[in-house]
$ cat run-v1.pdb   # PDB, C-alpha atoms and all ligand atoms
ATOM      1  CA  MET J   7     -67.295 104.028  45.500
ATOM      2  CA  LYS J   8     -67.629 100.616  43.874
ATOM      3  CA  LYS J   9     -69.107  97.985  46.185
ATOM      4  CA  ILE J  10     -70.435  94.540  45.365
ATOM      5  CA  THR J  11     -72.372  92.079  47.531
ATOM      6  CA  ILE J  12     -72.461  88.313  47.113
ATOM      7  CA  GLN J  13     -74.523  85.634  48.824
ATOM      8  CA  THR J  14     -73.463  82.040  49.350
ATOM      9  CA  TYR J  15     -74.747  79.080  51.360
ATOM     10  CA  ALA J  16     -73.237  76.663  53.839
ATOM     11  CA  ASN J  17     -73.019  73.003  52.917
ATOM     12  CA  ILE J  18     -73.126  69.739  54.836
ATOM     13  CA  ALA J  19     -71.062  66.804  53.634
ATOM     14  CA  LEU J  20     -72.924  63.526  53.194
ATOM     15  CA  ILE J  21     -69.596  61.870  52.357
ATOM     16  CA  LYS J  22     -66.912  63.662  54.352
ATOM     17  CA  TYR J  23     -63.663  65.464  53.645
ATOM     18  CA  TRP J  24     -61.256  64.870  56.505
ATOM     19  CA  GLY J  25     -57.559  65.192  55.752
ATOM     20  CA  LYS J  26     -55.205  66.801  53.252
ATOM     21  CA  ARG J  27     -52.550  65.290  51.057
ATOM     22  CA  ASP J  28     -51.140  68.811  50.529
ATOM     23  CA  LYS J  29     -51.695  71.349  53.295
ATOM     24  CA  LYS J  30     -50.523  74.365  51.326
ATOM     25  CA  LEU J  31     -52.777  73.754  48.322
ATOM     26  CA  PHE J  32     -55.656  72.308  50.411
ATOM     27  CA  LEU J  33     -55.651  69.093  48.414
ATOM     28  CA  PRO J  34     -57.810  66.435  50.053
ATOM     29  CA  THR J  35     -56.931  62.783  50.583
ATOM     30  CA  LYS J  36     -60.334  61.807  49.186
ATOM     31  CA  SER J  37     -63.390  63.087  47.343
ATOM     32  CA  SER J  38     -66.434  64.376  49.245
ATOM     33  CA  LEU J  39     -70.069  65.070  48.485
ATOM     34  CA  SER J  40     -72.354  67.665  50.034
ATOM     35  CA  ILE J  41     -75.712  69.345  49.951
ATOM     36  CA  SER J  42     -76.081  73.110  50.265
ATOM     37  CA  LEU J  43     -78.197  74.524  53.061
ATOM     38  CA  PRO J  44     -80.334  77.351  51.693
ATOM     39  CA  TYR J  45     -81.223  78.529  55.196
ATOM     40  CA  LEU J  46     -77.599  79.140  56.242
ATOM     41  CA  LYS J  47     -76.664  82.215  54.225
ATOM     42  CA  THR J  48     -73.525  84.332  54.137
ATOM     43  CA  SER J  49     -73.554  87.782  52.642
ATOM     44  CA  THR J  50     -70.238  89.450  51.813
ATOM     45  CA  THR J  51     -69.631  92.985  50.595
ATOM     46  CA  ILE J  52     -66.348  93.893  48.921
ATOM     47  CA  SER J  53     -64.928  97.337  48.285
ATOM     48  CA  GLU J  54     -61.453  98.763  47.755
ATOM     49  CA  SER J  55     -59.455 100.005  50.720
ATOM     50  CA  ASN J  56     -55.965 101.396  51.535
ATOM     51  CA  THR J  57     -55.165  98.326  53.592
ATOM     52  CA  ASP J  58     -56.985  94.995  53.890
ATOM     53  CA  LYS J  59     -59.877  95.338  56.341
ATOM     54  CA  ILE J  60     -61.811  92.258  57.415
ATOM     55  CA  VAL J  61     -65.100  92.883  59.234
ATOM     56  CA  GLY J  62     -67.451  90.366  60.816
ATOM     57  CA  ILE J  63     -65.764  87.231  59.610
ATOM     58  CA  ASN J  64     -65.401  84.323  61.985
ATOM     59  CA  THR J  65     -63.160  82.164  59.863
ATOM     60  CA  GLY J  66     -59.969  83.697  61.293
ATOM     61  CA  ILE J  67     -58.726  87.089  60.121
ATOM     62  CA  GLN J  68     -55.208  85.736  59.518
ATOM     63  CA  ASN J  69     -56.600  83.044  57.226
ATOM     64  CA  VAL J  70     -58.476  85.663  55.207
ATOM     65  CA  LYS J  71     -55.372  87.859  54.958
ATOM     66  CA  LYS J  72     -53.305  84.894  53.737
ATOM     67  CA  PHE J  73     -56.044  84.118  51.227
ATOM     68  CA  LEU J  74     -56.045  87.716  49.922
ATOM     69  CA  ASN J  75     -52.251  87.675  49.472
ATOM     70  CA  LEU J  76     -52.494  84.451  47.499
ATOM     71  CA  PHE J  77     -55.359  85.836  45.401
ATOM     72  CA  ARG J  78     -53.340  88.945  44.514
ATOM     73  CA  LYS J  79     -50.345  86.802  43.593
ATOM     74  CA  ILE J  80     -52.303  84.374  41.382
ATOM     75  CA  TYR J  81     -54.321  87.021  39.543
ATOM     76  CA  GLN J  82     -51.698  89.825  39.561
ATOM     77  CA  ILE J  83     -54.025  92.197  41.430
ATOM     78  CA  LYS J  84     -52.565  95.275  43.097
ATOM     79  CA  LYS J  85     -55.600  96.319  45.188
ATOM     80  CA  ASN J  86     -56.379  96.006  48.912
ATOM     81  CA  PHE J  87     -59.902  95.184  49.991
ATOM     82  CA  LYS J  88     -62.481  95.816  52.641
ATOM     83  CA  ILE J  89     -64.411  92.603  53.224
ATOM     84  CA  GLU J  90     -67.585  92.807  55.317
ATOM     85  CA  THR J  91     -69.369  89.573  56.104
ATOM     86  CA  THR J  92     -72.638  88.750  57.819
ATOM     87  CA  ASN J  93     -74.210  85.361  58.360
ATOM     88  CA  ASN J  94     -77.934  84.833  58.927
ATOM     89  CA  PHE J  95     -77.043  82.083  61.413
ATOM     90  CA  PRO J  96     -75.225  82.254  64.752
ATOM     91  CA  THR J  97     -71.625  82.721  63.650
ATOM     92  CA  ALA J  98     -70.095  80.807  66.534
ATOM     93  CA  ALA J  99     -72.592  77.952  66.411
ATOM     94  CA  GLY J 100     -70.131  75.481  64.954
ATOM     95  CA  LEU J 101     -71.955  75.537  61.634
ATOM     96  CA  ALA J 102     -69.961  75.487  58.453
ATOM     97  CA  SER J 103     -69.315  79.227  58.202
ATOM     98  CA  SER J 104     -65.820  78.934  56.717
ATOM     99  CA  ALA J 105     -67.304  77.113  53.708
ATOM    100  CA  SER J 106     -69.846  79.816  52.819
ATOM    101  CA  GLY J 107     -67.444  82.524  54.055
ATOM    102  CA  PHE J 108     -64.573  81.721  51.698
ATOM    103  CA  ALA J 109     -66.911  80.857  48.832
ATOM    104  CA  ALA J 110     -68.445  84.332  49.188
ATOM    105  CA  ILE J 111     -65.032  86.025  49.261
ATOM    106  CA  ALA J 112     -63.880  84.099  46.165
ATOM    107  CA  LYS J 113     -67.043  84.954  44.250
ATOM    108  CA  GLY J 114     -66.990  88.554  45.482
ATOM    109  CA  LEU J 115     -63.367  89.146  44.467
ATOM    110  CA  ASN J 116     -64.075  87.622  41.061
ATOM    111  CA  LYS J 117     -66.934  90.052  40.521
ATOM    112  CA  PHE J 118     -65.170  93.063  42.003
ATOM    113  CA  CYS J 119     -62.057  92.551  39.848
ATOM    114  CA  ASN J 120     -64.052  91.544  36.720
ATOM    115  CA  LEU J 121     -62.127  88.303  36.352
ATOM    116  CA  ASN J 122     -64.967  86.268  34.814
ATOM    117  CA  LEU J 123     -63.766  83.063  36.455
ATOM    118  CA  SER J 124     -65.644  79.845  35.709
ATOM    119  CA  ASN J 125     -67.257  77.804  38.500
ATOM    120  CA  LYS J 126     -64.300  75.426  38.293
ATOM    121  CA  GLU J 127     -61.817  78.265  38.763
ATOM    122  CA  LEU J 128     -63.911  79.753  41.587
ATOM    123  CA  SER J 129     -64.061  76.380  43.302
ATOM    124  CA  ILE J 130     -60.266  76.078  43.142
ATOM    125  CA  LEU J 131     -59.863  79.639  44.425
ATOM    126  CA  ALA J 132     -62.263  79.051  47.364
ATOM    127  CA  ARG J 133     -60.326  75.862  48.169
ATOM    128  CA  TYR J 134     -57.292  78.000  49.097
ATOM    129  CA  GLY J 135     -59.389  79.483  51.912
ATOM    130  CA  SER J 136     -60.945  76.305  53.259
ATOM    131  CA  GLY J 137     -61.461  72.847  51.801
ATOM    132  CA  SER J 138     -65.206  72.750  52.382
ATOM    133  CA  ALA J 139     -65.544  76.192  50.689
ATOM    134  CA  THR J 140     -64.717  74.416  47.412
ATOM    135  CA  ARG J 141     -68.219  72.899  47.622
ATOM    136  CA  SER J 142     -70.052  76.148  48.522
ATOM    137  CA  ILE J 143     -69.505  77.819  45.140
ATOM    138  CA  GLN J 144     -72.559  76.015  43.854
ATOM    139  CA  GLN J 145     -75.879  74.932  45.368
ATOM    140  CA  GLY J 146     -77.676  71.604  45.503
ATOM    141  CA  PHE J 147     -75.785  68.302  45.590
ATOM    142  CA  VAL J 148     -72.113  68.970  44.947
ATOM    143  CA  LEU J 149     -69.166  66.637  44.418
ATOM    144  CA  TRP J 150     -65.585  67.653  45.202
ATOM    145  CA  ASN J 151     -63.357  65.393  43.170
ATOM    146  CA  LYS J 152     -60.095  64.919  45.031
ATOM    147  CA  GLY J 153     -58.084  65.105  41.819
ATOM    148  CA  ASP J 154     -54.708  63.508  41.219
ATOM    149  CA  TYR J 155     -52.417  66.297  40.033
ATOM    150  CA  ASN J 156     -49.851  67.767  42.389
ATOM    151  CA  ASP J 157     -50.730  71.324  41.351
ATOM    152  CA  GLY J 158     -54.393  70.850  42.370
ATOM    153  CA  SER J 159     -55.764  71.869  38.970
ATOM    154  CA  ASP J 160     -58.130  68.863  38.940
ATOM    155  CA  SER J 161     -59.255  69.194  42.575
ATOM    156  CA  TYR J 162     -62.496  71.170  42.429
ATOM    157  CA  ALA J 163     -66.211  70.741  43.065
ATOM    158  CA  PHE J 164     -69.113  70.679  40.663
ATOM    159  CA  GLN J 165     -72.878  70.487  40.920
ATOM    160  CA  ILE J 166     -74.386  67.051  40.382
ATOM    161  CA  PHE J 167     -78.021  68.004  40.931
ATOM    162  CA  ASP J 168     -79.350  71.488  41.522
ATOM    163  CA  GLN J 169     -81.209  72.729  44.600
ATOM    164  CA  ASN J 170     -84.605  71.919  43.059
ATOM    165  CA  PHE J 171     -83.798  68.300  42.221
ATOM    166  CA  TRP J 172     -85.071  66.709  45.444
ATOM    167  CA  PRO J 173     -87.334  69.171  47.290
ATOM    168  CA  GLU J 174     -88.458  66.435  49.740
ATOM    169  CA  PHE J 175     -84.914  66.003  51.064
ATOM    170  CA  CYS J 176     -84.171  68.032  54.143
ATOM    171  CA  ILE J 177     -81.731  68.563  56.977
ATOM    172  CA  ILE J 178     -82.690  69.589  60.511
ATOM    173  CA  ILE J 179     -79.814  71.082  62.492
ATOM    174  CA  VAL J 180     -79.724  70.574  66.249
ATOM    175  CA  ILE J 181     -77.391  73.108  67.848
ATOM    176  CA  ILE J 182     -75.956  71.554  70.964
ATOM    177  CA  ASN J 183     -73.210  73.947  71.833
ATOM    178  CA  SER J 184     -72.331  77.247  70.234
ATOM    179  CA  ASP J 185     -68.955  77.700  71.956
ATOM    180  CA  GLN J 186     -65.753  77.898  69.931
ATOM    181  CA  LYS J 187     -64.328  74.427  69.202
ATOM    182  CA  ASN J 188     -61.381  73.435  71.379
ATOM    183  CA  ILE J 189     -59.507  72.234  68.294
ATOM    184  CA  SER J 190     -60.026  73.504  64.741
ATOM    185  CA  SER J 191     -60.959  71.036  62.010
ATOM    186  CA  ARG J 192     -57.745  72.064  60.241
ATOM    187  CA  GLN J 193     -55.531  70.937  63.120
ATOM    188  CA  ALA J 194     -57.672  67.947  64.011
ATOM    189  CA  MET J 195     -57.710  66.450  60.514
ATOM    190  CA  GLN J 196     -53.913  66.698  60.329
ATOM    191  CA  ILE J 197     -53.576  64.817  63.628
ATOM    192  CA  THR J 198     -55.892  62.135  62.232
ATOM    193  CA  VAL J 199     -53.897  61.837  58.985
ATOM    194  CA  ASN J 200     -50.653  61.535  60.947
ATOM    195  CA  THR J 201     -51.668  59.221  63.772
ATOM    196  CA  CYS J 202     -54.820  57.166  63.139
ATOM    197  CA  SER J 203     -53.730  53.650  62.216
ATOM    198  CA  PHE J 204     -56.863  52.895  60.168
ATOM    199  CA  TYR J 205     -57.231  56.289  58.490
ATOM    200  CA  LYS J 206     -56.177  54.873  55.084
ATOM    201  CA  ASN J 207     -58.831  52.214  55.422
ATOM    202  CA  TRP J 208     -61.520  54.877  55.936
ATOM    203  CA  ILE J 209     -60.298  56.834  52.886
ATOM    204  CA  HIS J 210     -60.544  53.715  50.793
ATOM    205  CA  LYS J 211     -64.039  52.797  52.025
ATOM    206  CA  SER J 212     -65.329  56.354  51.929
ATOM    207  CA  GLU J 213     -64.114  56.936  48.369
ATOM    208  CA  LYS J 214     -65.985  53.785  47.299
ATOM    209  CA  ARG J 215     -69.181  55.204  48.818
ATOM    210  CA  ILE J 216     -69.182  58.135  46.371
ATOM    211  CA  PRO J 217     -70.559  56.249  43.304
ATOM    212  CA  LYS J 218     -73.094  54.510  45.557
ATOM    213  CA  MET J 219     -74.188  57.844  46.996
ATOM    214  CA  LEU J 220     -74.438  59.371  43.507
ATOM    215  CA  GLN J 221     -76.665  56.526  42.364
ATOM    216  CA  ALA J 222     -78.834  56.762  45.506
ATOM    217  CA  ILE J 223     -79.330  60.525  45.059
ATOM    218  CA  LYS J 224     -80.086  60.064  41.372
ATOM    219  CA  THR J 225     -82.817  57.514  42.149
ATOM    220  CA  LYS J 226     -83.963  59.423  45.281
ATOM    221  CA  ASP J 227     -83.316  56.319  47.358
ATOM    222  CA  PHE J 228     -83.554  58.039  50.733
ATOM    223  CA  THR J 229     -82.701  55.009  52.874
ATOM    224  CA  THR J 230     -79.430  54.375  51.022
ATOM    225  CA  VAL J 231     -78.468  58.072  51.127
ATOM    226  CA  GLY J 232     -79.136  58.187  54.880
ATOM    227  CA  LYS J 233     -77.319  54.942  55.672
ATOM    228  CA  LEU J 234     -74.234  55.863  53.620
ATOM    229  CA  ALA J 235     -74.050  59.338  55.173
ATOM    230  CA  GLU J 236     -74.432  58.045  58.730
ATOM    231  CA  LEU J 237     -71.848  55.313  58.226
ATOM    232  CA  ASP J 238     -69.335  57.692  56.661
ATOM    233  CA  CYS J 239     -69.745  60.151  59.529
ATOM    234  CA  LEU J 240     -69.423  57.452  62.193
ATOM    235  CA  GLN J 241     -66.258  56.102  60.608
ATOM    236  CA  MET J 242     -64.751  59.604  60.327
ATOM    237  CA  HIS J 243     -65.394  60.210  64.040
ATOM    238  CA  LYS J 244     -63.980  56.773  64.854
ATOM    239  CA  CYS J 245     -60.773  57.822  63.069
ATOM    240  CA  MET J 246     -60.680  61.032  65.129
ATOM    241  CA  LYS J 247     -61.223  59.145  68.383
ATOM    242  CA  ASN J 248     -58.417  56.752  67.469
ATOM    243  CA  SER J 249     -55.936  59.541  66.756
ATOM    244  CA  PHE J 250     -53.237  60.670  69.155
ATOM    245  CA  PRO J 251     -54.090  62.844  70.979
ATOM    246  CA  ALA J 252     -57.638  61.534  70.650
ATOM    247  CA  ILE J 253     -60.139  64.001  69.176
ATOM    248  CA  ASN J 254     -63.696  64.011  70.422
ATOM    249  CA  TYR J 255     -66.153  66.683  69.323
ATOM    250  CA  TRP J 256     -69.195  64.952  70.782
ATOM    251  CA  GLN J 257     -70.940  66.035  73.959
ATOM    252  CA  LYS J 258     -73.567  64.418  76.167
ATOM    253  CA  GLN J 259     -76.432  65.812  74.111
ATOM    254  CA  THR J 260     -74.760  64.685  70.864
ATOM    255  CA  LEU J 261     -75.170  61.098  72.080
ATOM    256  CA  GLN J 262     -78.713  61.843  73.201
ATOM    257  CA  ILE J 263     -79.663  63.049  69.700
ATOM    258  CA  ILE J 264     -77.965  60.016  68.097
ATOM    259  CA  ASP J 265     -80.133  57.760  70.321
ATOM    260  CA  PHE J 266     -83.161  59.891  69.489
ATOM    261  CA  VAL J 267     -82.609  59.310  65.748
ATOM    262  CA  LYS J 268     -82.120  55.567  66.264
ATOM    263  CA  ASN J 269     -85.314  55.378  68.331
ATOM    264  CA  LEU J 270     -87.305  57.194  65.666
ATOM    265  CA  ARG J 271     -86.102  54.624  63.163
ATOM    266  CA  LYS J 272     -87.403  51.855  65.417
ATOM    267  CA  GLN J 273     -90.771  53.615  65.199
ATOM    268  CA  LYS J 274     -90.456  53.527  61.381
ATOM    269  CA  ILE J 275     -89.799  57.269  61.076
ATOM    270  CA  HIS J 276     -86.997  57.341  58.552
ATOM    271  CA  CYS J 277     -84.185  59.627  59.567
ATOM    272  CA  TYR J 278     -80.404  59.488  59.859
ATOM    273  CA  PHE J 279     -77.712  61.721  61.341
ATOM    274  CA  THR J 280     -74.442  63.281  60.338
ATOM    275  CA  ILE J 281     -71.998  65.248  62.500
ATOM    276  CA  ASP J 282     -69.048  67.453  61.521
ATOM    277  CA  ALA J 283     -66.186  68.853  63.577
ATOM    278  CA  GLY J 284     -68.370  69.918  66.492
ATOM    279  CA  PRO J 285     -71.087  68.619  68.814
ATOM    280  CA  ASN J 286     -74.054  69.675  66.654
ATOM    281  CA  VAL J 287     -76.130  67.008  64.952
ATOM    282  CA  LYS J 288     -77.703  67.255  61.505
ATOM    283  CA  ILE J 289     -80.749  65.053  61.067
ATOM    284  CA  ILE J 290     -81.350  63.893  57.501
ATOM    285  CA  CYS J 291     -85.018  63.275  56.722
ATOM    286  CA  LEU J 292     -87.809  63.731  54.214
ATOM    287  CA  LYS J 293     -90.158  66.717  54.457
ATOM    288  CA  LYS J 294     -93.163  64.485  55.087
ATOM    289  CA  ASP J 295     -91.595  63.429  58.428
ATOM    290  CA  ARG J 296     -90.090  66.793  59.396
ATOM    291  CA  ALA J 297     -92.921  68.086  61.601
ATOM    292  CA  LYS J 298     -93.149  64.759  63.475
ATOM    293  CA  ILE J 299     -89.392  64.734  64.082
ATOM    294  CA  ILE J 300     -89.357  68.343  65.274
ATOM    295  CA  ASN J 301     -92.304  67.747  67.623
ATOM    296  CA  ASN J 302     -90.436  64.819  69.154
ATOM    297  CA  LEU J 303     -87.214  66.827  69.326
ATOM    298  CA  LEU J 304     -88.986  69.511  71.336
ATOM    299  CA  ASN J 305     -89.301  66.999  74.189
ATOM    300  CA  ILE J 306     -85.521  67.038  74.611
ATOM    301  CA  CYS J 307     -84.373  70.388  73.123
ATOM    302  CA  ASN J 308     -85.429  74.049  73.088
ATOM    303  CA  SER J 309     -86.865  75.439  69.889
ATOM    304  CA  SER J 310     -83.885  77.842  69.729
ATOM    305  CA  GLN J 311     -81.615  74.802  69.202
ATOM    306  CA  ILE J 312     -83.420  73.677  66.062
ATOM    307  CA  MET J 313     -82.867  75.000  62.525
ATOM    308  CA  PHE J 314     -84.486  73.657  59.341
ATOM    309  CA  ASN J 315     -85.600  74.650  55.855
TER
HETATM  310  C1  LIG R   1     -65.854  67.727  59.188
HETATM  311  O1  LIG R   1     -63.125  72.733  55.381
HETATM  312  O2  LIG R   1     -63.212  73.368  57.808
HETATM  313  O3  LIG R   1     -66.825  69.590  58.051
HETATM  314  O4  LIG R   1     -59.897  72.786  54.735
HETATM  315  O5  LIG R   1     -58.753  72.996  56.916
HETATM  316  O6  LIG R   1     -60.466  74.692  56.247
HETATM  317  P1  LIG R   1     -60.003  73.250  56.152
HETATM  318  O7  LIG R   1     -61.129  72.353  56.854
HETATM  319  P2  LIG R   1     -62.708  72.458  56.758
HETATM  320  O8  LIG R   1     -63.104  70.944  57.163
HETATM  321  C2  LIG R   1     -64.405  70.479  57.102
HETATM  322  C3  LIG R   1     -64.489  69.120  57.673
HETATM  323  C4  LIG R   1     -65.871  68.562  57.897
HETATM  324  C5  LIG R   1     -66.280  67.607  56.781
HETATM  325  C6  LIG R   1     -66.689  68.226  55.465
HETATM  326  O9  LIG R   1     -67.216  69.349  55.424
HETATM  327  O10 LIG R   1     -66.530  67.510  54.454
END

$ encode --input "run-v1.pdb" --output "structure tokens"
Amino acid sequence: MKKITIQTYANIALIKYWGKRDKKLFLPTKSSLSISLPYLKTSTTISESNTDKIVGINTGIQNVKKFLNLFRKIYQIKKNFKIETTNNFPTAAGLASSASGFAAIAKGLNKFCNLNLSNKELSILARYGSGSATRSIQQGFVLWNKGDYNDGSDSYAFQIFDQNFWPEFCIIIVIINSDQKNISSRQAMQITVNTCSFYKNWIHKSEKRIPKMLQAIKTKDFTTVGKLAELDCLQMHKCMKNSFPAINYWQKQTLQIIDFVKNLRKQKIHCYFTIDAGPNVKIICLKKDRAKIINNLLNICNSSQIMFN
């Protein structure tokens, strides 16, 4: 029986996506920019089946089923599929598994059905599963252009620099809580769009950060990359906290790690943080400082909480 296996990687946004202008088509209110995480891998195997069977996925079986129905409709496919997914990272750890998960399904279906889709088409297809999956089709630094068209045909992600462009750049993940989130990013971002009075202001400012971030990555200006990423994340969380009902993903240790990063900076160890829809903190640093940062982190965390490349 024909079976194909595809591997994809999670990504972390340095300039965030938070909010849709079209929920059905997953069209974002603004562009976003990410880096892939080669140590957070998803492996997905696809085969044909009598009915759709989804095994091992933690992105919501109903979401995958909806995605498959849409895929069949768009590409006039009559088959049902068995989709088996494994992640090399704790699936419930609040790490971006829906991004790599849907990117792997999109790529896998493309290969299984011999569709020969381009990266642009794959990125659009993955977007129907989860917004952040748009950016996991490719590795390295990736930009998801929000696009302007109502049909979403210009809302896709492309690689700006590949995974070998800046080998010194690294991300340390501090897992603070691996429980299921109390509110999904999908629901939470909609509440923010609908109720935060300064959400439009953030979109405007965040969109303007994209060219600055591109320039900083291009010139490997680490301080500017770190500052822009930290500011964008803080403003996104401020929007969440000023929504109704207020959304707060942070926990006590989230604040402790934020202080830890700020203290390291006072000691001239250059590092910054970014946080997504969960309590876990991603520390942005250069490889030359990684060991020092991890040694310091071990004073306040267990080694099992720390992931890095
Ligand atoms: C905070 O991609 O999970 O991680 O499109 O509804 O599936 P849906 O949302 P999702 O949101 C990710 C939000 C974020 C920021 C980011 O990755 O840009």

$ residues_near_ligand --input "run-v1.pdb" --ligand "ligand LIG 1 (chain R)" --cutoff "10 Å" --atoms "only C-alpha atoms and all ligand atoms" --output "PyMOL selection string"
chain J and resi 16-26+29+31-34+36-40+65+69+100-105+108+132-141+150+190-196+239+242-243+280-284

$ write_last_selection --input "run-v1.pdb" --atoms "C-alpha atoms" --output "CSV table (one decimal), in the frame of the given file"
chain,number,residue,atom,x,y,z
J,16,ALA,CA,-73.2,76.7,53.8
J,17,ASN,CA,-73.0,73.0,52.9
J,18,ILE,CA,-73.1,69.7,54.8
J,19,ALA,CA,-71.1,66.8,53.6
J,20,LEU,CA,-72.9,63.5,53.2
J,21,ILE,CA,-69.6,61.9,52.4
J,22,LYS,CA,-66.9,63.7,54.4
J,23,TYR,CA,-63.7,65.5,53.6
J,24,TRP,CA,-61.3,64.9,56.5
J,25,GLY,CA,-57.6,65.2,55.8
J,26,LYS,CA,-55.2,66.8,53.3
J,29,LYS,CA,-51.7,71.3,53.3
J,31,LEU,CA,-52.8,73.8,48.3
J,32,PHE,CA,-55.7,72.3,50.4
J,33,LEU,CA,-55.7,69.1,48.4
J,34,PRO,CA,-57.8,66.4,50.1
J,36,LYS,CA,-60.3,61.8,49.2
J,37,SER,CA,-63.4,63.1,47.3
J,38,SER,CA,-66.4,64.4,49.2
J,39,LEU,CA,-70.1,65.1,48.5
J,40,SER,CA,-72.4,67.7,50.0
J,65,THR,CA,-63.2,82.2,59.9
J,69,ASN,CA,-56.6,83.0,57.2
J,100,GLY,CA,-70.1,75.5,65.0
J,101,LEU,CA,-72.0,75.5,61.6
J,102,ALA,CA,-70.0,75.5,58.5
J,103,SER,CA,-69.3,79.2,58.2
J,104,SER,CA,-65.8,78.9,56.7
J,105,ALA,CA,-67.3,77.1,53.7
J,108,PHE,CA,-64.6,81.7,51.7
J,132,ALA,CA,-62.3,79.1,47.4
J,133,ARG,CA,-60.3,75.9,48.2
J,134,TYR,CA,-57.3,78.0,49.1
J,135,GLY,CA,-59.4,79.5,51.9
J,136,SER,CA,-60.9,76.3,53.3
J,137,GLY,CA,-61.5,72.8,51.8
J,138,SER,CA,-65.2,72.8,52.4
J,139,ALA,CA,-65.5,76.2,50.7
J,140,THR,CA,-64.7,74.4,47.4
J,141,ARG,CA,-68.2,72.9,47.6
J,150,TRP,CA,-65.6,67.7,45.2
J,190,SER,CA,-60.0,73.5,64.7
J,191,SER,CA,-61.0,71.0,62.0
J,192,ARG,CA,-57.7,72.1,60.2
J,193,GLN,CA,-55.5,70.9,63.1
J,194,ALA,CA,-57.7,67.9,64.0
J,195,MET,CA,-57.7,66.4,60.5
J,196,GLN,CA,-53.9,66.7,60.3
J,239,CYS,CA,-69.7,60.2,59.5
J,242,MET,CA,-64.8,59.6,60.3
J,243,HIS,CA,-65.4,60.2,64.0
J,280,THR,CA,-74.4,63.3,60.3
J,281,ILE,CA,-72.0,65.2,62.5
J,282,ASP,CA,-69.0,67.5,61.5
J,283,ALA,CA,-66.2,68.9,63.6
J,284,GLY,CA,-68.4,69.9,66.5

$ atom_distance --input "run-v1.pdb" --atom1 "atom CA of J:Ile181" --atom2 "atom CA of J:Cys307"
9.2 Å

$ atom_distance --input "run-v1.pdb" --atom1 "atom CA of J:Gln144" --atom2 "atom CA of J:Trp208"
26.7 Å

$ resolve_selection --input "run-v1.pdb" --expression "the PyMOL selection byres (((chain J and resi 262) around 12) and not hetatm)" --output "MDAnalysis selection string"
chainID J and resid 180 182 256:261 263:269 279 285:287 303 305:307

$ residues_around --input "run-v1.pdb" --residues "J:Ser203" --least-positions-apart "2" --cutoff "12 Å" --atoms "only C-alpha atoms" --output "PyMOL selection string"
chain J and resi 197-201+205-209+244-250

$ atom_distance --input "run-v1.pdb" --atom1 "atom CA of J:Leu74" --atom2 "atom CA of J:Leu123"
16.2 Å

$ residues_near_point --input "run-v1.pdb" --point "(-90.6, 67.1, 50.8)" --cutoff "7 Å" --atoms "only C-alpha atoms" --output "list in words"
Pro173, Glu174, Phe175, Leu292, Lys293 and Lys294 of chain J

$ closest_atom_pairs --input "run-v1.pdb" --of "stretch 110-157 of chain J" --to "stretch 219-238 of chain J" --cutoff "12 Å" --atoms "all atoms listed in the file" --output "Markdown table"
| residue | atom | partner | partner_atom | distance |
| --- | --- | --- | --- | --- |
| J:Gly146 | CA | J:Ile223 | CA | 11.2 |
| J:Phe147 | CA | J:Ile223 | CA | 8.6 |
| J:Val148 | CA | J:Leu220 | CA | 10.0 |
| J:Leu149 | CA | J:Leu220 | CA | 9.0 |

$ write_last_selection --input "run-v1.pdb" --atoms "C-alpha atoms" --output "JSON list (two decimals), in the coordinates of the input"
[["chain", "number", "residue", "atom", "x", "y", "z"],
["J", 146, "GLY", "CA", -77.68, 71.60, 45.50],
["J", 147, "PHE", "CA", -75.78, 68.30, 45.59],
["J", 148, "VAL", "CA", -72.11, 68.97, 44.95],
["J", 149, "LEU", "CA", -69.17, 66.64, 44.42]]

$ closest_residue --input "run-v1.pdb" --among "J:Ile189, J:Phe118, J:Lys59, J:Asp168" --to "J:Tyr255" --atoms "all atoms listed in the file"
J:Ile189

$ closest_residue --input "run-v1.pdb" --among "J:Ile290, J:Ala163, J:Ala110, J:Ile300" --to "J:Glu127" --atoms "all atoms listed in the file"
J:Ala163

$ residues_around --input "run-v1.pdb" --residues "J:Asp295" --least-positions-apart "3" --cutoff "12 Å" --atoms "all atoms listed in the file" --output "compact mmCIF listing (two decimals) with C-alpha atoms, in the coordinates of the input"
# COMPACT_ATOMS: atom_id res chain seq x y z
CA GLU J 174 -88.46 66.44 49.74
CA PHE J 175 -84.91 66.00 51.06
CA CYS J 176 -84.17 68.03 54.14
CA ILE J 177 -81.73 68.56 56.98
CA ILE J 178 -82.69 69.59 60.51
CA LEU J 270 -87.30 57.19 65.67
CA ARG J 271 -86.10 54.62 63.16
CA GLN J 273 -90.77 53.62 65.20
CA LYS J 274 -90.46 53.53 61.38
CA ILE J 275 -89.80 57.27 61.08
CA HIS J 276 -87.00 57.34 58.55
CA CYS J 277 -84.18 59.63 59.57
CA TYR J 278 -80.40 59.49 59.86
CA ILE J 289 -80.75 65.05 61.07
CA ILE J 290 -81.35 63.89 57.50
CA CYS J 291 -85.02 63.28 56.72
CA LEU J 292 -87.81 63.73 54.21
CA LYS J 298 -93.15 64.76 63.48
CA ILE J 299 -89.39 64.73 64.08
CA ILE J 300 -89.36 68.34 65.27
CA ASN J 301 -92.30 67.75 67.62
CA ASN J 302 -90.44 64.82 69.15

$ resolve_selection --input "run-v1.pdb" --expression "the PyMOL selection byres (((chain J and resi 93) around 7) and not hetatm)" --output "PyMOL selection string"
chain J and resi 47-49+91-92+94-95+97

$ closest_residue --input "run-v1.pdb" --among "J:Ile179, J:Leu240, J:Ile253, J:Ala297" --to "J:Leu43" --atoms "all atoms listed in the file"
J:Ile179

$ axis_aligned_box --input "run-v1.pdb" --around "stretch 66-74 of chain J" --padding-each-side "4 Å" --output "AutoDock Vina command-line options"
--center_x -56.6 --center_y 85.5 --center_z 55.6 --size_x 14.7 --size_y 12.8 --size_z 19.4
